[in-house]
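Trainee: I'd like to ask some things about the structure below.
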Amino acid sequence: MSSVDAATPSQAPCLVPASSPQTLEQLRSLNQQLSAMNEALQARLEQQSAASKMVLNVLSRLPIATLLLDAQLNLRLFTPACQPLFNLRSTDIGRPMADLRPLPTDPDLLDDADTVMHTGTPAEREVESRTGESFLRQISAYLDEDGAVDGVLITFIAIGEKKQLAQALQAETQKAELAAVRQSRFLASTSHDLRQPLQTLKLLQGLLLGMLDEEQPRRLTVRIGETVGAMSGLLNAILDINHIETGEIRVNPVSFRMSDLLDRLADEFSYKAGAKGLKLKLVPCRLSVESDPRLLEQVLRNLLSNALNHTHEGRILLGCRRHGGWLSIGVWDTGVGMEPAALQLRLNGTDPSLNPGQEPGQGLPIVQYLCALLGHQLRGHSQVAKGTALFVDVALAPEIATPQEAPAHALQTNHEQPHSGLILLVEDDLEVLDLLGTQLKSQGYQVVMASDAEHAFQSIRQGGVQPDLIFADYNLPGPINGLQVIVQLREQLHRRIPAVILTGDISRQLSHDVAFEGCIKLNKPAKLNEISFVVASLLARQQVHNSPLITPVADAARVFVIDEDPLFRATVRCVLEPYGYAVLDYPKVKAFLQDYLPGQLACLLVGAHNGLELLHRFKANDDPLALIITSNSGEVSIAVEAMKAGAADFIEKPLVRCQLLHSVARALEHSHDANKRRAWTEQAVQCIEGLTQRQRQIMELVLAGHPSKNIAAELGISQRTVENHRASIMNRTHCKSIPALARVALAASSRGLS
């Protein structure tokens, strides 16, 4: 053994170097740092654990049902409040939401969640649970720490109590609205009921005033009329205030031409101004404005009514002035006026309330409210004893093409001419009906009176004569009101008969409806002179459009009438006798033949069937008596056949008064002067010679009673072509009706022209 091998362990080599004091100090420092970091990490973990427990505790106690879904719409988290809605368990965490049973009223939950996750836009919807509870379901995107969408958060907020409160509020609102409607209806009904006796008082006051000559009784009677007018004004104010308080007024601004509104108001108020001896002048306006036409019309109507009430002589001017982008619509009057300061107080709404029956400016509060509602400015100026001018500033509409306006209505009435015309009077109040009928008859009019729509239609059918004017109360018993009576009669008679509506309804809707149908509206209680003026003006305007009447050739001219209907015979008598004709009427042909003596200057009105028989009889006896055939619409072909046999004319029932007078005068004139008959024949020949062969062919079919549709089928042409030919035929022959065309054609055929 060597000495090396025998070395002791203590002498073996050292593999780990001995630590220096510096190294040990570094290790101790590092160990301390690690311990501190470990303690901080442990504290942070404890804080996070406490926060997590707190969050879970809050979520578990949160009454709002909440779901958290991941990007694949799997269930990540839910609150206990969700369990009653979806029957969830803790083991459902991680399951797809599609596997869970949805609410019965929320089938779009997953689609909405997918949309929110892709768009980031929150969504909400009202849903109900299986027990009927109401919830507001809200879905919003769930963002991770980097701001990327990592799922959706869905909450279900109970809104049952709020919904119940909303429903209760809605129910109360509906009750209030219903009460307001009932109140409005009650006031409107009460107003109508009160206006009926006021109308009777107004008519009686007018009749009484016309009978009195002494100054004191006349002054007292005038005071009665003023009192009735004040009561009517109070009724109007009550209804206007009710409309404001119940919130029935709604603004619907549109662009419209001022000419349409101004012309309608001028047409309506010209009668009222004329009845007071005032002149109403309208300055035409071609501009358009932006406003609610119905509310603006009510504003101007109140201003015009106010001007009429406080103007006793002079005139009223209605017109417009442009100021930049505004149109100033003004009403000027020459009335009593007021102090400028007083007017400004009223325009500012600071003047104490005044008696509307005694002080000027009574309609200003309503006008102020409507102008504020429309956003229009109301201004004006006034002087005592010189008049008042009030203006409404309205924004101009964008420029639009407007056709050239017709000139303003300027109705001239010749009151020296005797009153004439047939008036259909429809009024359910028998006292008012009797008073109006008596007054109109005393003025020379022929009046047919009816208490309801059915009697009105029956009177026209049986009377056989069309009215020249319809004067109807709006509220009539039964399903048809006065305006509908007018519309239906116009359609049946194919004439736009002038008409007046008398009503206690002062609503804007009715005013619009009456104006739309081209009627004049008079509010109850209407003054007697106002009614008389309107009737005379409308009939005078109608006579302007009709050709002048042919006067009888002699005072001894007789007109025989044969008809079984006594009402028709009486109506014809009422039409003809005021013009100097001696009318003899008979129910049967036999009675007429017993009284008739040949050689008289006379003509005969007779139905188509009896007329044919009499024509043959007179021709056999060489009797030149002129026959006018009266026929219904279905007897045109028979009437034409009667004219071929020698009848002087035929007219359809119900007859038009002026047409009847023309026909009788012409028949008597032609029978009296053969030369005039020959001249008429020559004129007819020239008219027919101007027609083409096709037009003559169509004319013959028309006179045979064929409608345009059948004529088109027979000739193999379009119905429009037939209508064009018919219009050309009427134009070239200067005829305005089928009877007139028949006269021309038959006169020409008597000369052998076919």
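How things are named: the first chain in the structure tokens is A, the next is B, and so on; residues count from 1 in each chain; ligands count from 1 in the order shown.
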List the neighbours of Met117 of chain A out to 9 Å using only C-alpha atoms; skip same-chain residues closer than 5 positions along the sequence, and give me the result as a VMD selection string.

Mentor: chain A and resid 71 112 122 140 to 142 149 to 152

Trainee: Those residues you just picked out, can you put them in a file as a short mmCIF file (atom, residue, chain, number, x, y, z; two decimals), in the first residue's frame with N, CA and C atoms?

Mentor:
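selection24.cif written:
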data_model
loop_
_atom_site.label_atom_id
_atom_site.label_comp_id
_atom_site.auth_asym_id
_atom_site.auth_seq_id
_atom_site.Cartn_x
_atom_site.Cartn_y
_atom_site.Cartn_z
N ALA A 71 -68.33 33.90 -25.56
CA ALA A 71 -68.41 34.22 -26.98
C ALA A 71 -69.15 33.16 -27.77
N ASP A 112 -80.99 37.87 -30.61
CA ASP A 112 -80.64 39.21 -30.15
C ASP A 112 -79.25 39.22 -29.52
N PRO A 122 -76.43 47.74 -27.80
CA PRO A 122 -77.33 47.12 -26.82
C PRO A 122 -78.74 46.96 -27.40
N SER A 140 -76.26 43.58 -23.37
CA SER A 140 -75.13 44.44 -23.71
C SER A 140 -73.89 43.57 -23.89
N ALA A 141 -72.91 44.10 -24.64
CA ALA A 141 -71.68 43.34 -24.91
C ALA A 141 -70.80 43.29 -23.65
N TYR A 142 -70.17 42.11 -23.43
CA TYR A 142 -69.22 41.94 -22.31
C TYR A 142 -67.82 42.02 -22.89
N VAL A 149 -64.79 42.04 -27.44
CA VAL A 149 -66.06 41.43 -27.04
C VAL A 149 -65.82 39.97 -26.70
N ASP A 150 -66.17 39.60 -25.48
CA ASP A 150 -65.93 38.24 -25.02
C ASP A 150 -67.21 37.59 -24.53
N GLY A 151 -68.35 38.06 -25.00
CA GLY A 151 -69.63 37.49 -24.59
C GLY A 151 -70.68 38.59 -24.44
N VAL A 152 -71.77 38.24 -23.80
CA VAL A 152 -72.85 39.20 -23.58
C VAL A 152 -73.36 39.08 -22.15
#

Trainee: Contacts of Gln695 of chain A at 10 Å or less, counting only C-alpha atoms, minus same-chain residues fewer than 2 places along, as a list in words?

Mentor: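 Close residues of Gln695 of chain A: Ile688, Gly690, Leu691, Thr692, Gln693, Gln697, Ile698, Met699, Glu700, Leu701, Val722, Asn724, His725, Arg726, Ser728 and Ile729 of chain A.
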
Trainee: Enumerate the residues of segment 91-330 of chain A with a DSSP assignment of strand (DSSP E), computed from the backbone, and present them as a PyMOL selection string.

Mentor: chain A and resi 123-128+134-143+149-158+254-257+279-282+288-291+315-323+326-330

Trainee: Residues of the last selection are to be written out with N, CA and C atoms, as a compact mmCIF listing (two decimals), in the first residue's frame.

Mentor:
# COMPACT_ATOMS: atom_id res chain seq x y z
N ALA A 123 -79.46 45.99 -26.84
CA ALA A 123 -80.84 45.74 -27.27
C ALA A 123 -81.70 45.48 -26.05
N GLU A 124 -82.98 45.84 -26.16
CA GLU A 124 -83.90 45.59 -25.07
C GLU A 124 -85.28 45.24 -25.62
N ARG A 125 -86.02 44.52 -24.81
CA ARG A 125 -87.34 44.06 -25.22
C ARG A 125 -88.16 43.72 -23.97
N GLU A 126 -89.47 43.96 -24.03
CA GLU A 126 -90.35 43.57 -22.93
C GLU A 126 -90.76 42.12 -23.11
N VAL A 127 -90.61 41.32 -22.02
CA VAL A 127 -90.96 39.89 -22.07
C VAL A 127 -91.75 39.54 -20.81
N GLU A 128 -92.33 38.38 -20.79
CA GLU A 128 -93.07 37.89 -19.64
C GLU A 128 -92.58 36.50 -19.27
N SER A 134 -93.91 40.70 -15.79
CA SER A 134 -93.34 41.48 -16.88
C SER A 134 -91.91 41.87 -16.55
N PHE A 135 -91.02 41.77 -17.55
CA PHE A 135 -89.60 42.11 -17.39
C PHE A 135 -89.15 42.92 -18.59
N LEU A 136 -88.15 43.79 -18.33
CA LEU A 136 -87.46 44.47 -19.40
C LEU A 136 -86.14 43.75 -19.60
N ARG A 137 -86.02 43.02 -20.69
CA ARG A 137 -84.80 42.25 -20.98
C ARG A 137 -83.81 43.13 -21.74
N GLN A 138 -82.60 43.32 -21.13
CA GLN A 138 -81.57 44.15 -21.73
C GLN A 138 -80.33 43.30 -22.01
N ILE A 139 -79.74 43.47 -23.19
CA ILE A 139 -78.54 42.72 -23.59
C ILE A 139 -77.46 43.74 -23.98
N SER A 140 -76.26 43.58 -23.37
CA SER A 140 -75.13 44.44 -23.71
C SER A 140 -73.89 43.57 -23.89
N ALA A 141 -72.91 44.10 -24.64
CA ALA A 141 -71.68 43.34 -24.91
C ALA A 141 -70.80 43.29 -23.65
N TYR A 142 -70.17 42.11 -23.43
CA TYR A 142 -69.22 41.94 -22.31
C TYR A 142 -67.82 42.02 -22.89
N LEU A 143 -66.99 42.97 -22.37
CA LEU A 143 -65.65 43.20 -22.89
C LEU A 143 -64.60 42.63 -21.94
N VAL A 149 -64.79 42.04 -27.44
CA VAL A 149 -66.06 41.43 -27.04
C VAL A 149 -65.82 39.97 -26.70
N ASP A 150 -66.17 39.60 -25.48
CA ASP A 150 -65.93 38.24 -25.02
C ASP A 150 -67.21 37.59 -24.53
N GLY A 151 -68.35 38.06 -25.00
CA GLY A 151 -69.63 37.49 -24.59
C GLY A 151 -70.68 38.59 -24.44
N VAL A 152 -71.77 38.24 -23.80
CA VAL A 152 -72.85 39.20 -23.58
C VAL A 152 -73.36 39.08 -22.15
N LEU A 153 -73.86 40.22 -21.65
CA LEU A 153 -74.46 40.27 -20.32
C LEU A 153 -75.96 40.53 -20.50
N ILE A 154 -76.77 39.65 -19.94
CA ILE A 154 -78.23 39.75 -20.10
C ILE A 154 -78.86 39.96 -18.73
N THR A 155 -79.69 40.99 -18.63
CA THR A 155 -80.39 41.27 -17.38
C THR A 155 -81.89 41.29 -17.63
N PHE A 156 -82.65 40.90 -16.62
CA PHE A 156 -84.12 40.90 -16.67
C PHE A 156 -84.61 41.75 -15.49
N ILE A 157 -85.07 42.97 -15.79
CA ILE A 157 -85.50 43.91 -14.76
C ILE A 157 -87.02 43.86 -14.65
N ALA A 158 -87.52 43.59 -13.46
CA ALA A 158 -88.97 43.50 -13.25
C ALA A 158 -89.61 44.87 -13.42
N VAL A 254 -99.21 72.92 -42.87
CA VAL A 254 -98.97 72.53 -44.27
C VAL A 254 -98.78 73.81 -45.08
N SER A 255 -98.32 73.66 -46.31
CA SER A 255 -98.22 74.79 -47.23
C SER A 255 -99.51 74.89 -48.04
N PHE A 256 -100.09 76.08 -48.13
CA PHE A 256 -101.32 76.25 -48.89
C PHE A 256 -101.41 77.69 -49.38
N ARG A 257 -102.23 77.88 -50.41
CA ARG A 257 -102.41 79.21 -51.00
C ARG A 257 -103.37 80.03 -50.14
N LYS A 279 -119.64 97.34 -46.60
CA LYS A 279 -118.94 96.79 -47.74
C LYS A 279 -117.73 96.01 -47.26
N LEU A 280 -117.59 94.81 -47.75
CA LEU A 280 -116.42 93.99 -47.44
C LEU A 280 -115.56 93.90 -48.70
N LYS A 281 -114.33 94.38 -48.61
CA LYS A 281 -113.42 94.37 -49.75
C LYS A 281 -112.29 93.39 -49.48
N LEU A 282 -111.96 92.62 -50.50
CA LEU A 282 -110.86 91.65 -50.39
C LEU A 282 -109.74 92.06 -51.33
N SER A 288 -98.26 81.78 -50.88
CA SER A 288 -98.58 80.61 -50.06
C SER A 288 -97.88 80.75 -48.71
N VAL A 289 -98.50 80.19 -47.68
CA VAL A 289 -97.96 80.28 -46.32
C VAL A 289 -97.83 78.89 -45.71
N GLU A 290 -97.13 78.84 -44.61
CA GLU A 290 -96.94 77.60 -43.85
C GLU A 290 -97.70 77.74 -42.54
N SER A 291 -98.83 77.03 -42.41
CA SER A 291 -99.64 77.12 -41.21
C SER A 291 -100.67 76.00 -41.23
N ARG A 315 -116.79 100.34 -44.06
CA ARG A 315 -116.38 99.11 -44.73
C ARG A 315 -115.38 98.34 -43.89
N ILE A 316 -115.12 97.11 -44.35
CA ILE A 316 -114.14 96.22 -43.74
C ILE A 316 -113.23 95.74 -44.86
N LEU A 317 -111.94 95.72 -44.60
CA LEU A 317 -110.96 95.31 -45.60
C LEU A 317 -110.22 94.08 -45.10
N LEU A 318 -110.12 93.09 -45.97
CA LEU A 318 -109.36 91.87 -45.68
C LEU A 318 -108.26 91.75 -46.73
N GLY A 319 -107.01 91.72 -46.29
CA GLY A 319 -105.92 91.65 -47.25
C GLY A 319 -104.61 91.27 -46.60
N CYS A 320 -103.52 91.25 -47.41
CA CYS A 320 -102.21 90.79 -46.95
C CYS A 320 -101.13 91.76 -47.41
N ARG A 321 -100.05 91.78 -46.64
CA ARG A 321 -98.84 92.52 -47.02
C ARG A 321 -97.63 91.63 -46.74
N ARG A 322 -96.67 91.67 -47.66
CA ARG A 322 -95.47 90.85 -47.49
C ARG A 322 -94.37 91.65 -46.83
N HIS A 323 -93.71 91.04 -45.83
CA HIS A 323 -92.57 91.65 -45.15
C HIS A 323 -91.45 90.62 -45.09
N TRP A 326 -92.20 86.92 -44.30
CA TRP A 326 -93.46 86.83 -43.56
C TRP A 326 -94.59 87.44 -44.38
N LEU A 327 -95.78 86.94 -44.15
CA LEU A 327 -96.99 87.52 -44.75
C LEU A 327 -97.86 88.03 -43.62
N SER A 328 -98.17 89.30 -43.66
CA SER A 328 -99.01 89.92 -42.64
C SER A 328 -100.44 89.95 -43.16
N ILE A 329 -101.32 89.17 -42.53
CA ILE A 329 -102.72 89.09 -42.92
C ILE A 329 -103.50 90.02 -42.01
N GLY A 330 -104.20 91.00 -42.60
CA GLY A 330 -104.83 92.03 -41.80
C GLY A 330 -106.32 92.17 -42.03

Trainee: For each of A:Ile711, A:Leu203, A:Val640, A:Ala645, take the minimum atom-to-atom distance to Pro739 of chain A, counting only C-alpha atoms, then give the residue where this is smallest.

Mentor: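 The shortest atom-to-atom distance to Pro739 of chain A comes from A:Val640.
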
Trainee: DSSP on the backbone: which residues in segment 478-565 of chain A end up as alpha helix (DSSP H)? Give the answer as number ranges by chain.

Mentor: A: 482-493, 508-516, 528-545

Trainee: Rounded to one decimal, what separation in Å do you get between atom CA of Ile520 of chain A and atom CA of Ser459 of chain A?

Mentor: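 Answer for the atom CA of Ile520 of chain A to atom CA of Ser459 of chain A separation: 22.6 Å.
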
Trainee: Smallest atom-to-atom distance to Thr503 of chain A: which of A:Leu198, A:Val559, A:Ile460, A:Leu703, using only C-alpha atoms?

Mentor: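 Checking each of A:Leu198, A:Val559, A:Ile460, A:Leu703 against Thr503 of chain A, counting only C-alpha atoms, the winner is A:Leu198.
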
Trainee: Contacts of Pro525 of chain A at 8 Å or less, counting only C-alpha atoms, minus same-chain residues fewer than 6 places along, as a PyMOL selection string?

Mentor: chain A and resi 195-196+198-200+202+228-229+232+504

Trainee: Please save C-alpha atoms of the selected residues as a PDB file, in the first residue's frame.

Mentor:
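Final file, part12.pdb:
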ATOM      1  CA  ARG A 195    -129.797  78.172 -30.320  1.00  0.00           C
ATOM      2  CA  GLN A 196    -133.121  76.783 -31.548  1.00  0.00           C
ATOM      3  CA  LEU A 198    -132.781  81.893 -29.885  1.00  0.00           C
ATOM      4  CA  GLN A 199    -133.324  81.480 -33.625  1.00  0.00           C
ATOM      5  CA  THR A 200    -137.084  81.670 -33.103  1.00  0.00           C
ATOM      6  CA  LYS A 202    -134.410  86.340 -33.667  1.00  0.00           C
ATOM      7  CA  VAL A 228    -130.137  87.637 -28.365  1.00  0.00           C
ATOM      8  CA  GLY A 229    -126.878  88.404 -30.155  1.00  0.00           C
ATOM      9  CA  SER A 232    -125.180  83.823 -28.962  1.00  0.00           C
ATOM     10  CA  GLY A 504    -125.964  76.029 -34.210  1.00  0.00           C
TER      11      GLY A 504
END

Trainee: With only C-alpha atoms as the atoms that count, which of A:Cys687, A:Ala113, A:Leu88, A:Leu605 lies nearest to Leu73 of chain A?

Mentor: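 Of all the options, A:Ala113 lies closest to Leu73 of chain A.
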